[in-house]
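The data block below is structure_29.txt; it holds compact mmCIF, C-alpha atoms.
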```
# COMPACT_ATOMS: atom_id res chain seq x y z
CA MET A 154 126.45 77.31 102.24
CA LYS A 155 124.55 76.51 99.09
CA LYS A 156 126.79 75.25 96.31
CA VAL A 157 124.10 73.89 94.01
CA VAL A 158 123.24 76.78 91.72
CA ASP A 159 121.85 77.52 88.28
CA LEU A 160 123.90 78.88 85.39
CA ASP A 161 122.83 82.52 85.96
CA THR A 162 124.48 82.47 89.40
CA ILE A 163 127.90 81.66 87.96
CA ARG A 164 127.69 84.10 85.09
CA ASP A 165 130.24 86.52 86.61
CA CYS A 166 132.84 83.76 86.95
CA PHE A 167 133.55 84.11 83.24
CA PHE A 168 135.30 87.00 81.46
CA ASP A 169 137.26 87.70 78.30
CA GLY A 170 140.95 86.81 78.57
CA MET A 171 140.39 84.32 81.38
CA THR A 172 142.40 81.16 81.98
CA LEU A 173 140.22 78.08 81.92
CA MET A 174 140.93 74.44 82.77
CA VAL A 175 138.48 71.92 81.38
CA GLY A 176 138.41 68.22 82.28
CA GLY A 177 137.80 65.41 79.82
CA PHE A 178 139.76 63.04 77.61
CA MET A 179 138.67 63.09 73.99
CA GLY A 180 135.40 64.44 75.33
CA CYS A 181 134.89 61.55 77.80
CA GLY A 182 134.19 63.19 81.14
CA ALA A 183 133.89 66.69 79.67
CA PRO A 184 131.46 69.22 81.20
CA GLU A 185 129.41 69.86 78.06
CA THR A 186 126.74 72.04 79.69
CA LEU A 187 129.34 74.44 81.07
CA ILE A 188 131.22 74.53 77.75
CA ASP A 189 127.98 75.34 75.92
CA TYR A 190 127.25 78.07 78.48
CA ILE A 191 130.62 79.75 77.83
CA LEU A 192 129.86 79.60 74.10
CA ASP A 193 126.46 81.24 74.73
CA LEU A 194 128.04 83.98 76.86
CA GLY A 195 130.42 84.87 74.05
CA ILE A 196 133.51 84.66 76.28
CA LYS A 197 136.64 85.07 74.14
CA ASP A 198 140.46 85.33 74.24
CA ILE A 199 140.53 82.32 76.55
CA THR A 200 143.74 80.65 77.66
CA LEU A 201 142.63 77.03 77.65
CA ILE A 202 144.29 74.17 79.50
CA SER A 203 142.98 70.78 78.43
CA THR A 204 144.68 67.48 77.64
CA ASP A 205 143.33 67.45 74.07
CA THR A 206 140.95 69.39 71.87
CA ALA A 207 138.50 66.51 71.29
CA THR A 208 136.80 66.82 67.90
CA VAL A 209 135.13 69.79 66.23
CA ASP A 210 131.72 69.19 67.83
CA LYS A 211 132.64 67.71 71.23
CA GLY A 212 134.01 68.97 74.53
CA VAL A 213 136.44 71.90 74.31
CA GLY A 214 136.63 71.29 70.56
CA LYS A 215 133.57 73.55 70.29
CA LEU A 216 135.45 76.45 71.92
CA ILE A 217 138.28 76.01 69.40
CA VAL A 218 135.92 75.94 66.42
CA ALA A 219 134.17 79.11 67.68
CA LYS A 220 137.62 80.80 67.81
CA ARG A 221 137.29 81.63 71.51
CA VAL A 222 140.74 80.35 72.45
CA LYS A 223 143.77 82.64 72.22
CA LYS A 224 146.28 80.32 73.82
CA LEU A 225 146.14 76.57 74.31
CA PHE A 226 148.06 74.16 76.52
CA ALA A 227 147.39 70.56 75.40
CA SER A 228 149.12 67.24 74.82
CA HIS A 229 147.26 66.09 71.71
CA ILE A 230 145.40 68.06 69.06
CA GLY A 231 145.39 65.53 66.21
CA LEU A 232 141.69 64.69 66.11
CA ASN A 233 140.44 68.28 65.84
CA PRO A 234 141.76 69.66 62.53
CA GLU A 235 140.54 73.15 63.44
CA THR A 236 143.16 73.35 66.21
CA GLY A 237 145.96 72.68 63.73
CA ASN A 238 144.48 75.17 61.25
CA GLN A 239 144.36 78.00 63.78
CA MET A 240 147.84 77.12 65.00
CA ASN A 241 149.22 77.22 61.44
CA GLU A 242 147.39 80.47 60.65
CA GLY A 243 148.93 81.96 63.78
CA THR A 244 145.56 82.96 65.24
CA MET A 245 145.96 80.66 68.26
CA GLU A 246 149.14 80.05 70.22
CA VAL A 247 149.62 76.36 71.07
CA GLU A 248 151.98 74.91 73.64
CA LEU A 249 152.16 71.14 73.27
CA VAL A 250 152.96 69.54 76.61
CA PRO A 251 153.58 65.83 77.25
CA GLN A 252 150.46 64.44 78.91
CA GLY A 253 152.21 63.32 82.07
CA THR A 254 153.96 66.68 82.36
CA LEU A 255 150.71 68.57 81.80
CA VAL A 256 148.92 66.75 84.60
CA GLU A 257 151.82 67.27 87.02
CA ARG A 258 152.08 70.99 86.17
CA ILE A 259 148.41 71.29 87.08
CA ARG A 260 148.78 69.12 90.19
CA SER A 261 151.69 71.30 91.35
CA GLY A 262 149.59 74.38 90.72
CA GLY A 263 146.93 73.02 93.03
CA ALA A 264 149.32 71.59 95.61
CA GLY A 265 151.34 74.70 96.44
CA LEU A 266 154.50 73.42 94.77
CA GLY A 267 156.92 75.47 92.70
CA GLY A 268 157.15 73.24 89.65
CA VAL A 269 157.90 69.79 88.35
CA LEU A 270 161.22 68.09 87.64
CA THR A 271 160.64 65.52 84.93
CA PRO A 272 162.90 63.44 82.70
CA THR A 273 160.19 63.44 80.01
CA GLY A 274 161.29 65.50 77.02
CA ILE A 275 165.02 65.56 77.77
CA GLY A 276 166.91 65.79 74.47
CA THR A 277 163.77 66.81 72.53
CA ILE A 278 162.30 70.14 71.46
CA VAL A 279 160.21 70.10 74.66
CA GLU A 280 163.41 70.97 76.51
CA GLU A 281 164.05 74.14 74.48
CA GLY A 282 164.06 77.37 76.49
CA LYS A 283 163.66 75.56 79.81
CA GLN A 284 165.98 75.08 82.72
CA VAL A 285 167.55 71.61 82.91
CA LEU A 286 168.80 70.44 86.29
CA GLU A 287 171.14 67.55 86.89
CA ILE A 288 170.33 65.79 90.13
CA ASP A 289 172.38 62.79 91.25
CA GLY A 290 173.61 62.36 87.71
CA LYS A 291 170.22 62.40 86.01
CA LYS A 292 168.81 65.23 83.92
CA TYR A 293 165.39 66.75 84.55
CA ILE A 294 163.45 69.57 82.90
CA LEU A 295 162.03 72.19 85.25
CA GLU A 296 158.40 72.60 84.22
CA LYS A 297 156.41 75.46 85.69
CA ILE A 298 153.05 75.17 87.41
CA LEU A 299 149.68 75.80 85.78
CA GLN A 300 146.70 77.42 87.51
CA ALA A 301 143.37 78.75 86.25
CA ASP A 302 140.79 81.40 86.99
CA VAL A 303 138.12 78.74 86.65
CA SER A 304 138.23 74.93 86.43
CA LEU A 305 135.30 73.21 84.77
CA ILE A 306 134.83 69.70 86.12
CA ARG A 307 132.46 66.91 85.19
CA GLY A 308 131.40 64.52 87.92
CA SER A 309 129.39 61.31 87.66
CA VAL A 310 127.89 61.63 91.14
CA THR A 311 128.21 64.69 93.38
CA ASP A 312 126.65 65.36 96.74
CA VAL A 313 125.33 68.79 97.69
CA TYR A 314 128.59 69.56 99.51
CA GLY A 315 130.60 68.97 96.33
CA ASN A 316 132.09 65.56 97.11
CA THR A 317 132.47 63.97 93.69
CA VAL A 318 132.87 60.47 92.27
CA TYR A 319 134.00 59.80 88.72
CA ARG A 320 132.83 56.65 86.98
CA GLY A 321 135.02 54.63 84.62
CA THR A 322 137.55 56.72 82.75
CA THR A 323 135.69 60.02 83.21
CA ASN A 324 138.08 61.11 85.96
CA ASN A 325 141.12 61.73 83.73
CA PHE A 326 142.12 65.41 84.29
CA ASN A 327 139.02 66.33 86.33
CA GLN A 328 140.37 65.37 89.75
CA VAL A 329 143.60 67.31 89.33
CA MET A 330 142.01 70.34 87.67
CA ALA A 331 139.58 70.62 90.59
CA THR A 332 142.57 71.54 92.77
CA ALA A 333 144.10 74.20 90.53
CA GLY A 334 141.31 76.68 89.73
CA LYS A 335 140.56 79.81 91.79
CA THR A 336 136.92 78.94 91.19
CA VAL A 337 135.88 75.34 90.67
CA ILE A 338 132.56 74.46 89.09
CA VAL A 339 131.39 70.86 88.95
CA GLU A 340 128.79 69.85 86.40
CA THR A 341 127.38 66.61 87.69
CA GLU A 342 125.34 63.90 86.12
CA LYS A 343 123.72 62.84 89.37
CA LEU A 344 123.22 65.05 92.41
CA VAL A 345 122.73 63.32 95.77
CA HIS A 346 122.24 64.28 99.41
CA GLY A 347 125.18 64.57 101.77
CA GLY A 348 126.04 61.25 103.39
CA THR A 349 125.04 59.22 100.33
CA LEU A 350 128.54 58.64 99.02
CA SER A 351 130.99 56.26 100.59
CA PRO A 352 133.76 58.58 101.91
CA GLU A 353 136.45 56.26 100.55
CA SER A 354 135.06 56.49 97.03
CA ILE A 355 135.33 60.28 96.79
CA SER A 356 138.01 61.45 94.35
CA THR A 357 137.27 65.16 94.67
CA PRO A 358 136.50 66.11 98.29
CA SER A 359 134.13 69.03 98.88
CA ILE A 360 136.90 71.47 99.91
CA TYR A 361 137.86 72.02 96.27
CA VAL A 362 134.36 72.70 94.95
CA ASP A 363 132.72 76.14 94.81
CA TYR A 364 129.65 75.54 92.66
CA ILE A 365 127.64 72.57 91.45
CA ILE A 366 125.57 72.60 88.27
CA ARG A 367 123.22 69.84 87.21
CA GLY A 368 124.02 68.49 83.77
CA GLY A 369 126.55 65.91 82.75
CA ASN A 370 124.61 64.95 79.67
CA ARG A 371 126.30 62.04 77.98
CA LYS A 372 125.87 62.09 74.29
CA TYR A 373 128.87 60.81 72.48
CA VAL A 374 131.83 58.68 72.02
CA TYR A 375 133.69 58.69 68.77
CA MET B 1388 147.46 57.66 64.82
CA TRP B 1389 149.03 57.94 61.39
CA ILE B 1390 147.52 57.83 57.98
CA ILE B 1391 147.19 54.22 56.95
CA LEU B 1392 146.89 53.18 53.35
CA LEU B 1393 144.83 50.04 53.55
CA GLU B 1394 145.49 49.01 49.98
CA GLU B 1395 149.22 49.07 50.38
CA VAL B 1396 151.05 45.82 49.73
CA ILE B 1397 154.47 45.02 51.10
CA GLY B 1398 156.31 42.35 49.15
CA ASN B 1399 153.57 39.81 48.54
CA MET B 1400 151.82 40.49 51.86
CA SER B 1401 148.92 42.89 52.32
CA ILE B 1402 149.47 45.59 54.92
CA SER B 1403 146.95 43.93 57.24
CA ASP B 1404 148.88 40.64 57.08
CA VAL B 1405 152.09 42.53 57.73
CA LYS B 1406 150.60 44.18 60.79
CA LYS B 1407 149.20 40.89 62.02
CA ARG B 1408 152.62 39.29 61.73
CA ILE B 1409 154.30 42.14 63.62
CA ALA B 1410 151.63 42.10 66.34
CA LYS B 1411 151.97 38.31 66.76
CA ARG B 1412 155.74 38.55 67.10
CA VAL B 1413 155.51 41.42 69.60
CA ALA B 1414 153.10 39.35 71.71
CA LEU B 1415 155.83 36.74 72.16
CA GLU B 1416 157.95 39.35 73.98
CA LEU B 1417 155.40 39.68 76.80
CA ASN B 1418 155.89 37.77 80.02
CA ASP B 1419 153.31 36.35 82.39
CA GLY B 1420 152.25 39.08 84.83
CA ASP B 1421 153.45 42.02 82.75
CA PHE B 1422 151.66 45.36 82.89
CA VAL B 1423 151.57 46.56 79.30
CA ASN B 1424 150.64 49.80 77.57
CA LEU B 1425 149.81 49.48 73.88
CA GLY B 1426 149.89 52.52 71.61
CA ILE B 1427 147.16 53.36 69.11
CA GLY B 1428 147.06 51.52 65.77
CA LEU B 1429 149.23 48.49 65.10
CA PRO B 1430 150.29 48.05 68.77
CA THR B 1431 146.63 47.68 69.80
CA LYS B 1432 146.47 44.46 67.76
CA VAL B 1433 149.07 42.81 70.03
CA ALA B 1434 146.27 42.15 72.52
CA ASN B 1435 144.75 39.66 70.06
CA TYR B 1436 147.80 37.36 70.11
CA ILE B 1437 148.81 36.89 73.74
CA PRO B 1438 150.17 33.31 73.98
CA SER B 1439 148.16 30.88 76.06
CA GLY B 1440 149.47 30.53 79.60
CA VAL B 1441 150.57 34.17 79.63
CA GLU B 1442 148.43 36.64 81.56
CA VAL B 1443 149.16 40.31 80.95
CA PHE B 1444 147.38 43.42 82.20
CA PHE B 1445 146.75 46.39 79.93
CA GLN B 1446 147.23 49.92 81.20
CA SER B 1447 145.50 52.74 79.34
CA GLU B 1448 146.98 56.18 79.94
CA ASN B 1449 143.62 57.94 80.19
CA GLY B 1450 143.21 56.18 83.52
CA MET B 1451 142.61 52.46 83.76
CA LEU B 1452 144.35 49.24 84.55
CA CYS B 1453 143.16 45.86 83.31
CA MET B 1454 141.47 47.29 80.27
CA GLY B 1455 139.31 44.74 78.50
CA GLY B 1456 138.41 44.49 74.83
CA ILE B 1457 136.00 46.40 72.67
CA PRO B 1458 132.47 46.13 74.13
CA LYS B 1459 129.73 44.21 72.33
CA GLU B 1460 127.28 46.28 70.36
CA GLY B 1461 124.66 47.64 72.74
CA GLU B 1462 126.92 47.24 75.77
CA GLU B 1463 129.03 50.37 75.21
CA SER B 1464 129.38 52.77 78.12
CA PHE B 1465 129.84 56.49 77.66
CA ASP B 1466 132.01 56.40 80.76
CA ILE B 1467 134.71 54.03 79.53
CA VAL B 1468 136.96 54.88 76.62
CA ASP B 1469 140.49 53.88 75.67
CA ALA B 1470 143.43 56.19 74.99
CA GLY B 1471 142.15 56.73 71.45
CA GLY B 1472 138.77 57.88 72.74
CA GLN B 1473 137.03 54.69 71.54
CA TYR B 1474 134.56 52.64 73.59
CA SER B 1475 136.38 50.20 75.80
CA THR B 1476 135.78 47.99 78.83
CA LEU B 1477 137.28 47.46 82.25
CA LEU B 1478 137.82 43.92 83.52
CA PRO B 1479 136.12 43.01 86.83
CA TYR B 1480 139.44 43.18 88.69
CA GLY B 1481 140.47 46.42 86.99
CA ALA B 1482 141.01 49.87 88.43
CA ALA B 1483 140.10 53.37 87.25
CA PHE B 1484 142.01 56.46 88.34
CA ASP B 1485 142.98 59.99 87.42
CA SER B 1486 145.69 61.06 84.95
CA SER B 1487 148.21 61.90 87.66
CA SER B 1488 148.05 58.33 89.00
CA SER B 1489 148.17 57.01 85.47
CA PHE B 1490 151.39 58.86 84.69
CA THR B 1491 152.85 57.94 88.06
CA MET B 1492 152.57 54.36 86.80
CA ILE B 1493 153.99 55.29 83.41
CA ARG B 1494 156.78 57.71 84.25
CA GLY B 1495 157.58 56.01 87.54
CA GLY B 1496 158.69 52.78 85.90
CA HIS B 1497 155.76 50.64 87.02
CA VAL B 1498 154.67 49.72 83.50
CA ASP B 1499 156.72 46.71 82.33
CA VAL B 1500 156.35 47.12 78.59
CA CYS B 1501 155.11 49.79 76.23
CA VAL B 1502 154.59 49.08 72.55
CA LEU B 1503 154.54 52.00 70.15
CA GLY B 1504 154.59 52.59 66.43
CA THR B 1505 157.04 55.04 64.96
CA LEU B 1506 157.95 57.24 62.02
CA GLN B 1507 161.69 56.78 62.56
CA VAL B 1508 163.95 54.92 64.98
CA ASP B 1509 167.72 54.94 64.99
CA GLY B 1510 170.89 53.03 65.90
CA GLU B 1511 171.13 54.83 69.23
CA GLY B 1512 167.65 53.86 70.37
CA ASN B 1513 166.20 57.30 69.64
CA LEU B 1514 162.72 57.47 68.22
CA ALA B 1515 160.66 60.08 66.41
CA ASN B 1516 156.92 59.48 66.25
CA TRP B 1517 155.01 62.61 67.22
CA ILE B 1518 155.48 65.33 64.67
CA ILE B 1519 156.30 65.96 61.01
CA PRO B 1520 157.06 69.69 61.08
CA GLY B 1521 154.91 71.63 58.64
CA LYS B 1522 152.76 68.57 57.87
CA ILE B 1523 151.34 66.64 60.80
CA VAL B 1524 151.44 68.09 64.31
CA PRO B 1525 149.15 65.87 66.38
CA GLY B 1526 151.08 66.35 69.60
CA MET B 1527 152.91 63.82 71.72
CA GLY B 1528 150.02 62.83 73.98
CA GLY B 1529 151.44 60.34 76.46
CA ALA B 1530 154.14 58.95 74.15
CA MET B 1531 157.08 60.88 75.59
CA ASP B 1532 156.24 59.83 79.14
CA LEU B 1533 155.67 56.22 78.09
CA VAL B 1534 159.02 55.76 76.37
CA THR B 1535 160.82 57.63 79.14
CA GLY B 1536 159.31 55.62 81.96
CA ALA B 1537 158.38 52.12 80.79
CA LYS B 1538 160.83 49.39 81.78
CA LYS B 1539 160.93 48.04 78.23
CA VAL B 1540 160.12 49.95 75.06
CA ILE B 1541 159.21 47.91 71.99
CA ILE B 1542 158.81 49.63 68.65
CA ALA B 1543 156.36 47.80 66.39
CA THR B 1544 156.65 49.09 62.86
CA THR B 1545 156.78 48.17 59.20
CA HIS B 1546 160.44 47.78 58.30
CA THR B 1547 160.31 50.58 55.74
CA ASN B 1548 157.97 53.34 54.68
CA LYS B 1549 157.18 52.11 51.16
CA GLY B 1550 160.76 50.99 50.65
CA LYS B 1551 162.30 54.00 52.39
CA PRO B 1552 164.19 52.92 55.53
CA LYS B 1553 162.61 53.83 58.88
CA ILE B 1554 165.47 52.35 60.90
CA LEU B 1555 168.06 55.05 60.41
CA LYS B 1556 171.60 55.90 61.47
CA LYS B 1557 170.17 59.04 63.06
CA CYS B 1558 166.55 60.22 63.24
CA THR B 1559 165.91 63.34 61.17
CA LEU B 1560 162.47 64.22 62.63
CA PRO B 1561 162.11 65.82 66.08
CA LEU B 1562 162.68 63.15 68.73
CA THR B 1563 160.15 61.67 71.11
CA ALA B 1564 162.91 60.49 73.45
CA VAL B 1565 166.64 59.87 73.47
CA GLY B 1566 168.03 56.35 73.77
CA GLN B 1567 164.95 54.74 75.25
CA VAL B 1568 164.12 52.04 72.68
CA ASP B 1569 164.98 48.46 73.64
CA THR B 1570 163.62 46.34 70.81
CA ILE B 1571 162.44 46.96 67.24
CA ILE B 1572 160.07 44.45 65.70
CA THR B 1573 159.13 44.59 62.03
CA GLU B 1574 157.62 42.14 59.54
CA LEU B 1575 161.19 41.17 58.62
CA ALA B 1576 163.24 41.28 61.77
CA VAL B 1577 163.68 41.49 65.51
CA ILE B 1578 166.40 43.99 66.36
CA GLU B 1579 167.76 44.72 69.79
CA VAL B 1580 169.21 48.09 70.75
CA THR B 1581 172.46 47.67 72.68
CA GLU B 1582 175.17 50.04 73.85
CA ASP B 1583 177.15 48.97 70.80
CA GLY B 1584 174.32 49.67 68.37
CA LEU B 1585 171.67 47.51 66.75
CA VAL B 1586 171.88 43.73 66.86
CA LEU B 1587 169.88 41.63 64.41
CA LYS B 1588 168.50 38.79 66.52
CA GLU B 1589 165.89 37.22 64.29
CA ILE B 1590 164.69 37.34 60.74
CA SER B 1591 161.38 36.13 59.39
CA GLN B 1592 161.32 32.99 57.25
CA ASP B 1593 160.72 34.79 53.96
CA THR B 1594 163.63 37.20 54.08
CA THR B 1595 167.41 37.03 54.27
CA VAL B 1596 170.00 38.77 56.43
CA GLU B 1597 171.20 40.53 53.29
CA GLU B 1598 167.74 41.88 52.51
CA VAL B 1599 167.24 43.14 56.08
CA ILE B 1600 170.63 44.89 56.00
CA LYS B 1601 169.74 46.44 52.62
CA LEU B 1602 166.44 47.80 53.95
CA THR B 1603 168.00 49.16 57.15
CA GLU B 1604 170.00 52.38 57.06
CA ALA B 1605 171.48 51.92 60.53
CA GLU B 1606 174.43 49.59 60.99
CA LEU B 1607 173.34 46.10 62.03
CA THR B 1608 175.48 43.61 63.86
CA VAL B 1609 174.25 40.12 63.06
CA SER B 1610 173.84 38.06 66.20
CA GLU B 1611 175.99 34.93 66.34
CA ASP B 1612 172.96 32.81 67.12
CA ILE B 1613 170.53 34.52 64.76
CA LYS B 1614 167.18 32.77 64.61
CA VAL B 1615 164.65 32.39 61.84
CA TRP B 1616 161.14 33.13 62.98
CA LYS B 1617 158.27 31.26 61.37
CA ASP B 1618 154.70 32.41 61.22
CA GLU B 1619 152.28 29.88 62.60
```
Representation of the structure as structure tokens:
Amino acid sequence: MKKVVDLDTIRDCFFDGMTLMVGGFMGCGAPETLIDYILDLGIKDITLISTDTATVDKGVGKLIVAKRVKKLFASHIGLNPETGNQMNEGTMEVELVPQGTLVERIRSGGAGLGGVLTPTGIGTIVEEGKQVLEIDGKKYILEKILQADVSLIRGSVTDVYGNTVYRGTTNNFNQVMATAGKTVIVETEKLVHGGTLSPESISTPSIYVDYIIRGGNRKYVY
Amino acid sequence: MWIILLEEVIGNMSISDVKKRIAKRVALELNDGDFVNLGIGLPTKVANYIPSGVEVFFQSENGMLCMGGIPKEGEESFDIVDAGGQYSTLLPYGAAFDSSSSFTMIRGGHVDVCVLGTLQVDGEGNLANWIIPGKIVPGMGGAMDLVTGAKKVIIATTHTNKGKPKILKKCTLPLTAVGQVDTIITELAVIEVTEDGLVLKEISQDTTVEEVIKLTEAELTVSEDIKVWKDE
């Protein structure tokens, strides 16, 4: 099976109204080539799941600025003023999720679990409208799982089977998001032959990966 | 994370001196071997004042342990940023991991100390530092998980917001967490949160107990062995 493809091959993975997970933390470890491709395709009404919205010209921040996102799940939106503007205008729905809760909701979505019980947010507005369970005397919020039509992942090194290594802090949400998308596309900075990577160093094993795109251009930090 | 007015002066100290004093005092709370998560802004400065003989390890919620300092010019790596998205470094004995592992450390009680700034904190150990409805809605990021899970939560903050108390009887802004704060450190005082409310443990050399009480809305019990803390 050939997973290494060009962008034209994955064109039909994207459609209006789709749910998209995109890795990256403030743009570090974000799949910029794939994000740019979605912009070029004109895909709109996206439900986006991402830990933050980077800045106006980086990572998923570009999708926000181009008004392609209808609903957003994120933990922090403070450094992209356009996110706050669209939220206040009512043109984009935003659900703010504590970062640790967000990652576990995604992990559960990929792991076949029914949800997360977390103490984070108890007694705050995060708890509103959610089921609270008391277990052995301690309160937990029941947080539902998150899954996506497509997960966009950015790897540092990927072999042709899809085994992926993340350097430094580029892993962040990538590893977990690679488990929770119906289709998983890895944009990698360096493509290598099978057998090149040390098996113990692989954070995303090949089983999760459907397609591999060459890219991973690194062009920023704030 | 919050808007900082650099020209602001508190008493006869500039805001940068005030922050330095707070950061230095917070650093004295850290014990040898602690794993510590520092929030953005003032808390980050704590790393500059770790006492000699004390080795602590910094956890960054975007996915690293044993975070180093800011890299030298020309040595920045696109692959390593801190929780504020700025260039950072990883010490040779450090570890890098995904966000699920990172929040397992944080929520699971493996981080010894987290230091955060705040908008408001109150007599019951509640804090509010993530949203001003209708004005600033940056999101909570990892703050809710950090204060819920860290073994010790230290709030590092100016004592007032331009004279307006920040240490309140009851927070009025939406909470970040309920009853999780252990210690509040300001340029004027060290205050411990106990089951019986706030206890004033230390004051800085250039204030008085009376002044601290006046600038604090919450009830303060003055510790029997209150100490005066001197800047070096």
| field | Protein, DNA and RNA residues within 12 Å of (142.6, 45.4, 68.9), all atoms listed in the file, as a PyMOL selection string | value | chain B and resi 1406-1407+1410-1411+1425-1437+1445+1454-1458+1469+1471+1473-1475
| field | Residue list as a ChimeraX atom specification for point (151.2, 64.7, 87.3), cut-off 8 Å, all atoms listed in the file | value | /A:253-261 /B:1486-1488,1490-1491
| field | Which residue of B:Arg1412, B:Ile1541, B:Val1534, B:Leu1562 approaches chain A most closely, using only C-alpha atoms | value | B:Leu1562
| said: What's the separation between atom CA of Ala219 of chain A and atom CA of Thr162 of chain A, in Å to one decimal place? | reply: 24.0 Å
| query | With distances taken over all atoms listed in the file, which of A:Gly268, A:Gly321, A:Pro234, A:Gly177 is nearest to chain B? | reply |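 Checking each of A:Gly268, A:Gly321, A:Pro234, A:Gly177 against chain B, counting all atoms listed in the file, the winner is A:Gly321.
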Using only C-alpha atoms, I'd like every residue of chain B that has an atom within 9 Å of chain A; please write them out as a PDB file with C-alpha atoms, keeping the file's coordinate frame.
```
ATOM      1  CA  MET B1388     147.460  57.660  64.820  1.00  0.00           C
ATOM      2  CA  GLU B1448     146.980  56.180  79.940  1.00  0.00           C
ATOM      3  CA  ASN B1449     143.620  57.940  80.190  1.00  0.00           C
ATOM      4  CA  GLY B1450     143.210  56.180  83.520  1.00  0.00           C
ATOM      5  CA  MET B1451     142.610  52.460  83.760  1.00  0.00           C
ATOM      6  CA  SER B1464     129.380  52.770  78.120  1.00  0.00           C
ATOM      7  CA  PHE B1465     129.840  56.490  77.660  1.00  0.00           C
ATOM      8  CA  ASP B1466     132.010  56.400  80.760  1.00  0.00           C
ATOM      9  CA  ILE B1467     134.710  54.030  79.530  1.00  0.00           C
ATOM     10  CA  VAL B1468     136.960  54.880  76.620  1.00  0.00           C
ATOM     11  CA  ASP B1469     140.490  53.880  75.670  1.00  0.00           C
ATOM     12  CA  ALA B1470     143.430  56.190  74.990  1.00  0.00           C
ATOM     13  CA  GLY B1471     142.150  56.730  71.450  1.00  0.00           C
ATOM     14  CA  GLY B1472     138.770  57.880  72.740  1.00  0.00           C
ATOM     15  CA  GLN B1473     137.030  54.690  71.540  1.00  0.00           C
ATOM     16  CA  TYR B1474     134.560  52.640  73.590  1.00  0.00           C
ATOM     17  CA  THR B1476     135.780  47.990  78.830  1.00  0.00           C
ATOM     18  CA  LEU B1477     137.280  47.460  82.250  1.00  0.00           C
ATOM     19  CA  ALA B1482     141.010  49.870  88.430  1.00  0.00           C
ATOM     20  CA  ALA B1483     140.100  53.370  87.250  1.00  0.00           C
ATOM     21  CA  PHE B1484     142.010  56.460  88.340  1.00  0.00           C
ATOM     22  CA  ASP B1485     142.980  59.990  87.420  1.00  0.00           C
ATOM     23  CA  SER B1486     145.690  61.060  84.950  1.00  0.00           C
ATOM     24  CA  SER B1487     148.210  61.900  87.660  1.00  0.00           C
ATOM     25  CA  SER B1489     148.170  57.010  85.470  1.00  0.00           C
ATOM     26  CA  PHE B1490     151.390  58.860  84.690  1.00  0.00           C
ATOM     27  CA  THR B1491     152.850  57.940  88.060  1.00  0.00           C
ATOM     28  CA  ILE B1493     153.990  55.290  83.410  1.00  0.00           C
ATOM     29  CA  ARG B1494     156.780  57.710  84.250  1.00  0.00           C
ATOM     30  CA  GLY B1521     154.910  71.630  58.640  1.00  0.00           C
ATOM     31  CA  ILE B1523     151.340  66.640  60.800  1.00  0.00           C
ATOM     32  CA  VAL B1524     151.440  68.090  64.310  1.00  0.00           C
ATOM     33  CA  PRO B1525     149.150  65.870  66.380  1.00  0.00           C
ATOM     34  CA  GLY B1526     151.080  66.350  69.600  1.00  0.00           C
ATOM     35  CA  MET B1527     152.910  63.820  71.720  1.00  0.00           C
ATOM     36  CA  GLY B1528     150.020  62.830  73.980  1.00  0.00           C
ATOM     37  CA  GLY B1529     151.440  60.340  76.460  1.00  0.00           C
ATOM     38  CA  ALA B1530     154.140  58.950  74.150  1.00  0.00           C
ATOM     39  CA  MET B1531     157.080  60.880  75.590  1.00  0.00           C
ATOM     40  CA  ASP B1532     156.240  59.830  79.140  1.00  0.00           C
ATOM     41  CA  LEU B1533     155.670  56.220  78.090  1.00  0.00           C
ATOM     42  CA  VAL B1534     159.020  55.760  76.370  1.00  0.00           C
ATOM     43  CA  THR B1535     160.820  57.630  79.140  1.00  0.00           C
ATOM     44  CA  GLY B1536     159.310  55.620  81.960  1.00  0.00           C
ATOM     45  CA  PRO B1561     162.110  65.820  66.080  1.00  0.00           C
ATOM     46  CA  LEU B1562     162.680  63.150  68.730  1.00  0.00           C
ATOM     47  CA  THR B1563     160.150  61.670  71.110  1.00  0.00           C
ATOM     48  CA  ALA B1564     162.910  60.490  73.450  1.00  0.00           C
ATOM     49  CA  VAL B1565     166.640  59.870  73.470  1.00  0.00           C
TER      50      VAL B1565
END
```
| query | Any idea what the distance is between atom CA of Ile202 of chain A and atom CA of Val339 of chain A? | reply |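 Rounded to one decimal, the two atoms are 16.3 Å apart.
Between Asp165 of chain A and the candidates A:Gly334, A:Val285, A:Val345, A:Asp302, the tightest atom-to-atom separation, counting only C-alpha atoms, involves A:Asp302.
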| request: Fewer than 6 positions away in the same chain doesn't count, so skip those; otherwise give me all residues within 10 Å of Thr1594 of chain B, counting only C-alpha atoms, as a PyMOL selection string. | output: chain B and resi 1574-1576+1615
